[in-house]
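Visitor: Have a look at the structure that comes next, please.
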Amino acid sequence: MGFIYPLIALVGCVVLLIIRIYQVIPSSSSTSPKRNPSSKCSIAIFLGSGGHTSEMKSLLSTIPFDRYSPRNYIYCHNDEISLRAISELESKKGDVKDRNSYTLLPLPRARKVSEPLLSTLLSASRTLIVSLWHIFLLPLLIIPREPYAEVLLINGPGTCVVLVLVSYIRRILGLKYTKIIYIESFARVRSLSLSGKLVRPFVDKFLVQWPEAGGQGGRVECKGWLV
Amino acid sequence: MSILLVTVGSTLFPSLTDTFLSPSILALLELHRIKRLIIQYGRAAIPSDHGLHIHLDGSGKGSVNIGGMRVELIRFTDDFEGLVRGSDWVVSHAGSGSILTTLRLNPPKPLLVVPNESLMDNHQAELADEMGEKGYLMVSKVEDLEHILPKFLSVDKHNIRPFPQMDQNRFKNVLDEMMGFD
């Protein structure tokens, strides 16, 4: 019978965690307190390769880089298209004199196209460990008060789910946390992508680009075409 | 000189690229006075060329003259926008990047989209159909190309419905509002 107490403790912890997650899940689109228009806001951007990257690049081309600074780019190892997108954006819109205006974080890919389940789990856990270190632990050791970035932009694919997971730790602990915006692809007319469906309950803002893409109800917002 | 571009972006779509090298389609294009056919075939294996004997160099580039028409094969391009700008007609897979680039040129290019039916999650066909219904482009299946291409190639280029340019403030306003900038 010696196992019964640890089991009760474990179940108790899981229940508490679920209650806590339920508490911190955003209930309505929250807005931050007003801030000085000339102040800066740190931002993290996930570039998911291919079409995801090109849509994210269009979105970034519209935001003021002097305001959203520093820009922390997260991308997958060996994704040259995303690296090229970053260098094009930064050389066009960034401050060339300020070397600290952006950072690069390459991650191991969570899932390659048509990868089998078991090896997906393995590579996803590698992605999780690397992101835990760079996005949660390292910032916590350097400046505990501040999250990795004030806001995180994601638009798929799979790896962005891991980023949401890691960003949630600070939220669960009650620390100042990263707000998350998910932008569904322009290509999604009548349905959500898999990563969209997975992260929808957890993100602070969920944008679709076609009115019927988000289905009924929920916090899905459609402001029309964004790219 | 009339130039037709066939593009699959960074994907592979061998049934589309192969169809454009079939004798019946090549004859059809010649009949419609296409002088240059450019096929950007992406990650597919070297397109089976139906006995055309196109020699491809190390980067996957090659060309051949068929009757009065020049057929050029390229694997990828660094300057997709330039490639589209230099063409008169565009036949594309249903990728949103290719669609937006083609429709937002000034003036926009006539666009025929062929969704890749072999994709597992074929949401791209939804996009093509929706944009087709709104009159921005035409849609065809691979097997219907022989019937649709003549219609497409007789479209009046000056009568294409222009697709709105990107609204530069929409996303910025959402982000600013959320982060407390007004």
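In the structure tokens, chains take letters A, B, ... by order of appearance, with residues numbered from 1 within each chain and ligands from 1 in the order shown.
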Please provide the set of residues having any atom within 12 Å of Ser125 in chain A, restricted to only C-alpha atoms, with same-chain residues fewer than 2 positions apart removed, written as an NGL selection string.

Guide: :A and (107-111 or 118-123 or 127-132 or 159 or 161-163 or 165-166)

Visitor: Keeping C-alpha atoms, export the residues of the selection given above as a CSV table (one decimal), in the first residue's frame.

Guide:
```
chain,number,residue,atom,x,y,z
A,107,LEU,CA,15.3,25.4,-32.8
A,108,PRO,CA,15.4,21.7,-33.8
A,109,ARG,CA,12.4,21.0,-35.9
A,110,ALA,CA,9.5,19.4,-33.9
A,111,ARG,CA,8.2,17.4,-36.8
A,118,LEU,CA,7.6,7.8,-32.3
A,119,SER,CA,10.3,9.8,-33.9
A,120,THR,CA,8.0,12.9,-33.9
A,121,LEU,CA,7.8,12.5,-30.1
A,122,LEU,CA,11.5,12.3,-29.9
A,123,SER,CA,12.3,15.3,-32.0
A,127,THR,CA,12.6,21.0,-29.4
A,128,LEU,CA,10.9,21.3,-26.0
A,129,ILE,CA,14.2,21.1,-24.1
A,130,VAL,CA,16.0,23.6,-26.2
A,131,SER,CA,13.1,26.1,-26.0
A,132,LEU,CA,12.7,25.5,-22.2
A,159,THR,CA,6.8,23.8,-33.5
A,161,VAL,CA,2.7,24.6,-30.1
A,162,VAL,CA,5.9,23.9,-28.2
A,163,LEU,CA,6.5,27.6,-27.9
A,165,LEU,CA,3.6,25.3,-23.9
A,166,VAL,CA,6.9,26.9,-22.7
```

Visitor: Once you count only C-alpha atoms, what closest atom pair and distance in Å to one decimal does each residue of chain B within 8 Å of chain A have, with rows by chain and rising residue number, as CSV?

Guide:
```
residue,atom,partner,partner_atom,distance
B:Ser10,CA,A:Gly50,CA,7.4
B:Gly95,CA,A:Ala187,CA,7.6
B:Ser96,CA,A:Ala187,CA,5.8
B:Gly97,CA,A:Gly51,CA,6.5
B:His123,CA,A:Arg188,CA,6.5
B:Gln124,CA,A:Ala187,CA,6.2
B:Glu126,CA,A:Val189,CA,6.2
B:Leu127,CA,A:Ala187,CA,5.6
B:Glu130,CA,A:Val189,CA,7.6
B:Met166,CA,A:Val227,CA,5.8
B:Asp167,CA,A:Leu226,CA,6.8
B:Gln168,CA,A:Thr62,CA,5.5
B:Asn169,CA,A:Thr62,CA,6.9
B:Arg170,CA,A:Leu226,CA,6.4
B:Phe171,CA,A:Leu226,CA,6.1
B:Lys172,CA,A:Ile63,CA,5.3
B:Glu177,CA,A:Thr31,CA,6.7
B:Met178,CA,A:Thr31,CA,4.6
B:Met179,CA,A:Ser32,CA,5.2
B:Gly180,CA,A:Lys34,CA,4.4
B:Phe181,CA,A:Pro37,CA,5.7
B:Asp182,CA,A:Pro37,CA,7.2
```

Visitor: What's the separation between CA of Leu83 in chain B and CA of Lys93 in chain A, in Å to one decimal place?

Guide: 25.3 Å

Visitor: Identify, on the basis of only C-alpha atoms, every residue whose closest approach to Ser22 in chain B does not exceed 8 Å; exclude the query and any residue fewer than 3 positions from it along the same chain; express the result as JSON, numbers by chain.

Guide: {"B": [18, 19, 25, 26, 49, 50]}

Visitor: What's around range 139-145 of chain A at 10 Å? Count only C-alpha atoms, leave out sequence neighbours fewer than 2 positions away in its own chain, and write the answer as a list in words.

Guide: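 Contacts, with the query itself left out: Trp133, His134, Ile135, Phe136, Leu137, Pro147, Tyr148, Ala149, Arg170, Leu175, Lys176 and Tyr177 of chain A.
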
Visitor: Expressed in Å to a single decimal, how great is the separation between CA of Gly94 in chain A and CA of Asn173 in chain B?

Guide: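 We find that CA of Gly94 in chain A and CA of Asn173 in chain B lie 19.8 Å from each other.
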
Visitor: Which neighbours of range 102-111 of chain B fall inside 9 Å, counting only C-alpha atoms, when residues of the same chain fewer than 4 positions from it are skipped, and could you give them as a compact mmCIF listing (two decimals) with C-alpha atoms, in the first residue's frame?

Guide:
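Written file, part_32.txt:
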```txt
# COMPACT_ATOMS: atom_id res chain seq x y z
CA GLU B 81 8.00 38.34 -58.63
CA VAL B 84 5.72 36.60 -62.91
CA ARG B 85 6.17 40.20 -64.05
CA SER B 87 5.10 36.58 -68.08
CA ASP B 88 1.75 37.17 -69.77
CA TRP B 89 -0.15 34.19 -68.36
CA VAL B 90 0.40 32.35 -65.08
CA VAL B 91 -0.64 28.80 -64.24
CA SER B 92 0.06 28.11 -60.57
CA GLY B 97 2.22 33.14 -51.81
CA SER B 98 2.11 32.50 -55.55
CA TYR B 136 -9.96 37.04 -59.16
CA LEU B 137 -8.72 33.91 -60.94
CA MET B 138 -9.75 30.73 -62.78
CA VAL B 139 -9.54 27.22 -61.33
CA PHE B 152 -8.12 30.89 -69.91
CA LEU B 153 -5.94 31.99 -72.83
CA VAL B 155 -9.40 36.00 -71.14
CA ASP B 156 -9.30 39.75 -71.76
CA LYS B 157 -6.22 40.85 -69.82
CA HIS B 158 -7.59 44.35 -69.33
CA ILE B 160 -9.19 41.17 -64.69
CA ARG B 161 -10.66 42.00 -61.32
CA PRO B 162 -7.80 43.55 -59.33
CA PHE B 163 -7.16 42.05 -55.91
CA PRO B 164 -6.92 44.68 -53.13
CA GLN B 165 -3.40 45.58 -52.01
CA MET B 166 -2.38 44.71 -48.49
```

Visitor: I'd like to know which of A:Val11, A:Cys160, A:Ile169, A:Val96 is closest to Cys76 in chain A, using only C-alpha atoms.

Guide: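 Going through A:Val11, A:Cys160, A:Ile169, A:Val96 one by one, the smallest distance to Cys76 in chain A is for A:Cys160.
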
Visitor: In Å to one decimal, how far is CA of Val199 in chain A from CA of Ile172 in chain A?

Guide: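 Taking CA of Ile172 in chain A as the start and CA of Val199 in chain A as the end point, the length is 16.1 Å.
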
Visitor: As a ChimeraX atom specification, please: all residues of range 44-134 of chain B that backbone DSSP puts in alpha helix (DSSP H).

Guide: /B:80-85,96-103,123-133

Visitor: Would you kindly return, as JSON, numbers by chain, each protein, DNA or RNA residue with an atom no farther than 7 Å from any atom of Ser63 in chain B, considering only C-alpha atoms and excluding same-chain residues fewer than 6 positions away?

Guide: {"B": [54, 71, 72, 73]}

Visitor: Please save N, CA and C atoms of the selected residues as an mmCIF file, in the first residue's frame.

Guide:
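part.cif written:
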```
data_model
loop_
_atom_site.group_PDB
_atom_site.id
_atom_site.type_symbol
_atom_site.label_atom_id
_atom_site.label_comp_id
_atom_site.auth_asym_id
_atom_site.auth_seq_id
_atom_site.Cartn_x
_atom_site.Cartn_y
_atom_site.Cartn_z
ATOM 1 N N ILE B 54 14.988 16.924 -73.218
ATOM 2 C CA ILE B 54 15.497 18.188 -72.693
ATOM 3 C C ILE B 54 16.685 17.878 -71.791
ATOM 4 N N VAL B 71 10.539 25.999 -74.917
ATOM 5 C CA VAL B 71 10.122 25.441 -73.630
ATOM 6 C C VAL B 71 11.312 25.478 -72.675
ATOM 7 N N GLU B 72 11.149 26.137 -71.539
ATOM 8 C CA GLU B 72 12.251 26.258 -70.569
ATOM 9 C C GLU B 72 11.849 25.631 -69.243
ATOM 10 N N LEU B 73 12.766 24.843 -68.688
ATOM 11 C CA LEU B 73 12.520 24.236 -67.388
ATOM 12 C C LEU B 73 13.445 24.859 -66.357
#
```
